[in-house]
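Colleague: As input, take my_file-v2.txt (compact mmCIF, C-alpha atoms):
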```txt
# COMPACT_ATOMS: atom_id res chain seq x y z
CA MET A 1 80.60 147.12 70.46
CA SER A 2 82.69 147.81 73.53
CA ASP A 3 86.31 146.95 74.23
CA SER A 4 85.46 146.01 77.82
CA PRO A 5 86.29 142.40 78.81
CA HIS A 6 83.00 142.26 80.76
CA ASP A 7 80.84 142.98 77.71
CA THR A 8 80.04 139.72 75.98
CA GLY A 9 78.38 141.40 73.01
CA GLY A 10 75.10 140.51 71.42
CA TYR A 11 71.64 141.61 72.34
CA GLN A 12 71.27 139.68 75.58
CA ARG A 13 72.85 140.73 78.79
CA PRO A 14 74.71 138.12 80.85
CA GLU A 15 72.71 136.56 83.65
CA GLU A 16 73.15 138.22 87.00
CA PRO A 17 72.92 136.48 90.33
CA ASP A 18 69.44 136.46 91.84
CA ARG A 19 68.89 139.50 94.01
CA GLY A 20 66.67 139.52 97.08
CA GLY A 21 63.80 141.90 97.35
CA GLY A 22 60.08 141.91 97.15
CA TYR A 23 58.64 141.01 100.51
CA GLU A 24 61.99 140.29 102.13
CA PRO A 25 64.90 142.76 102.18
CA PRO A 26 67.91 141.67 100.10
CA GLY A 27 70.46 139.61 101.99
CA ALA A 28 68.53 139.60 105.27
CA ASP A 29 67.32 136.52 107.04
CA PRO A 30 63.57 136.34 107.43
CA PRO A 31 62.40 137.39 110.90
CA GLU A 32 61.21 134.84 113.37
CA VAL A 33 57.47 134.38 113.15
CA PRO A 34 55.51 133.95 116.39
CA ALA A 35 53.88 130.58 116.99
CA GLU A 36 50.34 131.93 116.45
CA ALA A 37 51.25 133.39 113.07
CA ALA A 38 53.25 130.35 111.98
CA GLU A 39 50.21 128.14 111.57
CA GLU A 40 50.37 125.92 108.58
CA PRO A 41 48.11 127.11 105.78
CA SER A 42 45.15 124.93 104.99
CA GLU A 43 46.08 125.08 101.30
CA LYS A 44 49.36 123.17 101.74
CA ARG A 45 49.73 120.18 99.47
CA THR A 46 50.32 116.80 100.95
CA ASP A 47 51.06 114.93 97.73
CA GLY A 48 54.72 116.02 97.61
CA ARG A 49 54.50 118.22 94.50
CA GLY A 50 55.73 121.32 96.31
CA PRO A 51 54.02 124.51 97.51
CA ILE A 52 51.13 126.05 95.64
CA ALA A 53 51.51 129.58 94.30
CA SER A 54 49.88 131.31 97.25
CA GLU A 55 52.38 129.79 99.70
CA ARG A 56 55.36 131.22 97.86
CA PHE A 57 54.01 134.77 98.18
CA ARG A 58 53.00 134.66 101.82
CA ARG A 59 54.08 137.74 103.78
CA THR A 60 56.81 137.22 106.36
CA THR A 61 55.79 140.24 108.45
CA PRO A 62 52.25 141.34 109.32
CA ALA A 63 50.81 144.31 107.48
CA ARG A 64 50.67 147.61 109.30
CA ARG A 65 47.15 148.36 110.44
CA ARG A 66 46.17 151.97 110.47
CA PRO A 67 42.57 153.10 110.91
CA ILE A 68 41.02 155.10 108.11
CA PRO A 69 39.64 158.34 109.54
CA PRO A 70 35.96 158.99 108.76
CA ARG A 71 35.30 161.94 106.48
CA ARG A 72 32.26 164.12 106.21
CA SER A 73 30.39 163.78 102.94
CA GLY A 74 30.80 166.55 100.38
CA GLY A 75 27.63 168.60 100.59
CA HIS A 76 23.98 167.79 100.17
CA TRP A 77 24.06 166.27 96.67
CA ARG A 78 22.30 163.07 97.68
CA LEU A 79 19.56 165.06 99.41
CA LEU A 80 19.06 167.25 96.33
CA PHE A 81 19.08 164.25 93.99
CA GLY A 82 16.61 162.35 96.16
CA THR A 83 14.26 165.35 96.29
CA VAL A 84 14.36 165.79 92.51
CA VAL A 85 13.68 162.09 91.94
CA TYR A 86 10.79 162.28 94.40
CA VAL A 87 9.26 165.21 92.51
CA MET A 88 9.71 163.32 89.23
CA VAL A 89 8.06 160.13 90.46
CA VAL A 90 5.19 161.55 92.51
CA GLY A 91 4.54 164.40 90.06
CA GLY A 92 4.51 161.96 87.16
CA MET A 93 2.00 159.63 88.78
CA ALA A 94 -0.24 162.34 90.31
CA ASP A 95 -2.92 162.37 87.58
CA TYR A 96 -3.12 158.59 87.54
CA THR A 97 -3.55 157.93 91.28
CA GLU A 98 -5.88 159.12 94.01
CA PRO A 99 -4.95 162.12 96.19
CA GLY A 100 -4.67 159.81 99.21
CA THR A 101 -1.88 157.90 97.50
CA ARG A 102 -0.06 161.14 96.81
CA ALA A 103 -0.48 162.15 100.48
CA LEU A 104 0.94 158.78 101.52
CA GLY A 105 3.90 159.44 99.19
CA HIS A 106 4.48 162.78 100.95
CA LEU A 107 4.47 161.08 104.36
CA VAL A 108 6.91 158.39 103.23
CA PHE A 109 9.19 161.06 101.72
CA TRP A 110 9.12 163.12 104.92
CA SER A 111 9.87 160.09 107.05
CA LEU A 112 12.84 159.16 104.82
CA ILE A 113 14.16 162.74 105.04
CA GLY A 114 13.80 162.61 108.83
CA LEU A 115 15.60 159.27 109.00
CA ALA A 116 18.46 160.60 106.87
CA LEU A 117 18.72 163.68 109.10
CA LEU A 118 18.85 161.44 112.17
CA VAL A 119 21.65 159.37 110.64
CA ALA A 120 23.60 162.55 109.82
CA VAL A 121 23.20 163.85 113.39
CA VAL A 122 24.34 160.54 114.90
CA ARG A 123 27.42 160.48 112.62
CA GLU A 124 28.29 164.05 113.67
CA GLU A 125 28.08 163.15 117.35
CA ARG A 126 29.98 159.88 116.95
CA HIS A 127 32.93 161.47 115.14
CA GLY A 128 32.98 164.79 117.00
CA TRP A 129 32.28 166.97 113.95
CA GLU A 130 30.77 170.42 114.16
CA PRO A 131 27.03 170.34 113.47
CA ALA A 132 26.14 171.01 109.85
CA PRO A 133 23.26 173.35 109.01
CA ARG A 134 19.86 171.71 109.39
CA TRP A 135 17.90 173.95 107.01
CA PRO A 136 18.65 171.93 103.82
CA TRP A 137 16.73 168.98 105.27
CA MET A 138 13.62 171.04 105.99
CA ALA A 139 13.94 172.81 102.64
CA ALA A 140 14.09 169.46 100.84
CA ALA A 141 11.12 168.04 102.72
CA LEU A 142 8.87 171.06 102.27
CA GLY A 143 10.21 172.07 98.86
CA GLY A 144 9.79 168.62 97.34
CA ALA A 145 6.18 168.29 98.49
CA SER A 146 5.40 171.88 97.47
CA ALA A 147 6.95 171.39 94.04
CA VAL A 148 4.76 168.35 93.41
CA GLU A 149 1.60 170.12 94.55
CA VAL A 150 2.37 173.19 92.40
CA LEU A 151 3.61 171.42 89.26
CA VAL A 152 0.74 168.95 88.96
CA PRO A 153 -2.14 171.50 88.73
CA LEU A 154 -0.10 173.92 86.60
CA THR A 155 1.35 171.54 84.04
CA GLY A 156 -0.13 168.08 84.58
CA SER A 157 1.56 164.73 84.97
CA PRO A 158 2.51 164.22 81.29
CA ALA A 159 4.50 167.48 81.32
CA VAL A 160 6.20 166.44 84.57
CA ILE A 161 7.14 163.10 82.99
CA VAL A 162 8.58 164.80 79.88
CA GLY A 163 10.44 167.33 82.03
CA SER A 164 11.80 164.47 84.14
CA LEU A 165 13.11 162.69 81.07
CA ILE A 166 14.78 165.88 79.85
CA LEU A 167 16.39 166.46 83.27
CA LEU A 168 17.58 162.87 83.45
CA GLY A 169 19.08 163.15 79.96
CA LEU A 170 20.91 166.37 80.86
CA GLY A 171 22.13 164.82 84.11
CA LEU A 172 23.40 161.76 82.25
CA PHE A 173 25.20 164.02 79.77
CA VAL A 174 26.94 165.91 82.59
CA VAL A 175 27.94 162.66 84.30
CA MET A 176 29.38 161.35 81.04
CA LEU A 177 31.40 164.56 80.65
CA LEU A 178 32.87 164.10 84.11
CA GLU A 179 34.00 160.54 83.46
```
Starting from the file, lay out its structure as structure tokens.

Modeller:
Amino acid sequence: MSDSPHDTGGYQRPEEPDRGGGYEPPGADPPEVPAEAAEEPSEKRTDGRGPIASERFRRTTPARRRPIPPRRSGGHWRLLFGTVVYVMVVGGMADYTEPGTRALGHLVFWSLIGLALLVAVVREERHGWEPAPRWPWMAAALGGASAVEVLVPLTGSPAVIVGSLILLGLGLFVVMLLE
């Protein structure tokens, strides 16, 4: 216990006057709001019960708008992941479908790789970035199709399916470690 005349004792502190703060600086009058911004909210009650909660917390000044600069993606992880998934799917179904279906799968894969490369080039030009190397796109397109055509005769589709499940399990384990 203190001998100070201001200390009332007990566990509760004496009530202090309400301080300003939050969205408005303490002790300052709110700034004048332009006529366009002073529109009445559509949520205002007309039954006389007072403002609803969202009206009490309305900002008195507009938020500062600053553009978020675009950033280049971090490497070719999506390209690598897409190529591996392509090898898993097409290699796993190769023994159970006709060769023409597999050839159609190669063409669809190549067209998707080309479309992704085109999107990357357009983003580089739009944002003024230095051109990234183009060889990973060709390596993914040719390497994915080659991996399917080599794995299927050597191991067969069941082995590709089992290997895919093992790779997906290891990938899931690594992702869970990173979380």

Colleague: Give me, please, the distance in Å between CA of Val89 (chain A) and CA of Gly163 (chain A), quoted to one decimal.

Modeller: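 Atom-to-atom, CA of Val89 (chain A) to CA of Gly163 (chain A), that is 11.3 Å.
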
Colleague: By how many Å are CA of Tyr86 (chain A) and CA of Leu154 (chain A) apart?

Modeller: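 A separation of 17.7 Å between them.
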
Colleague: Check the smallest atom-to-atom distance from each of A:Arg65, A:Arg72, A:Arg78, A:Arg102 to Glu130 (chain A) using all atoms listed in the file, then report the winner.

Modeller: A:Arg72

Colleague: Can you tell me how far CA of Ala141 (chain A) sits from CA of Phe109 (chain A), in Å to one decimal?

Modeller: 7.3 Å

Colleague: Calculated over all atoms listed in the file, which of the candidates A:Pro67, A:Val175, A:His76, A:Ser111 has the smallest distance to Ala132 (chain A)?

Modeller: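 Using all atoms listed in the file, the shortest distance to Ala132 (chain A) belongs to A:His76.
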
Colleague: Rank A:His127, A:Pro69, A:Ser157, A:Ala147 by their smallest atom-to-atom distance to Thr97 (chain A), using all atoms listed in the file, and report the top residue only.

Modeller: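 Using all atoms listed in the file, Thr97 (chain A) sits closest to A:Ser157.
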
Colleague: Extract, using all atoms listed in the file, all DNA, RNA and protein residues at most 12 Å from Val87 (chain A), discarding same-chain residues fewer than 6 positions from it, and format them as an MDAnalysis selection string.

Modeller: chainID A and resid 80:81 93:94 102 105:106 109 140:152 157 160:161 163:164 167

Colleague: So that I can see what lies close to Gly114 (chain A), please list as a ChimeraX atom specification the residues with an atom at most 10 Å from it, counting all atoms listed in the file and leaving out residues fewer than 5 positions away in the same chain.

Modeller: /A:108-109,119-120,137-138,141

Colleague: Counting only C-alpha atoms, figure out which residue out of A:Tyr96, A:Trp110, A:Trp129, A:Phe173 gets nearest to Gly156 (chain A).

Modeller: A:Tyr96
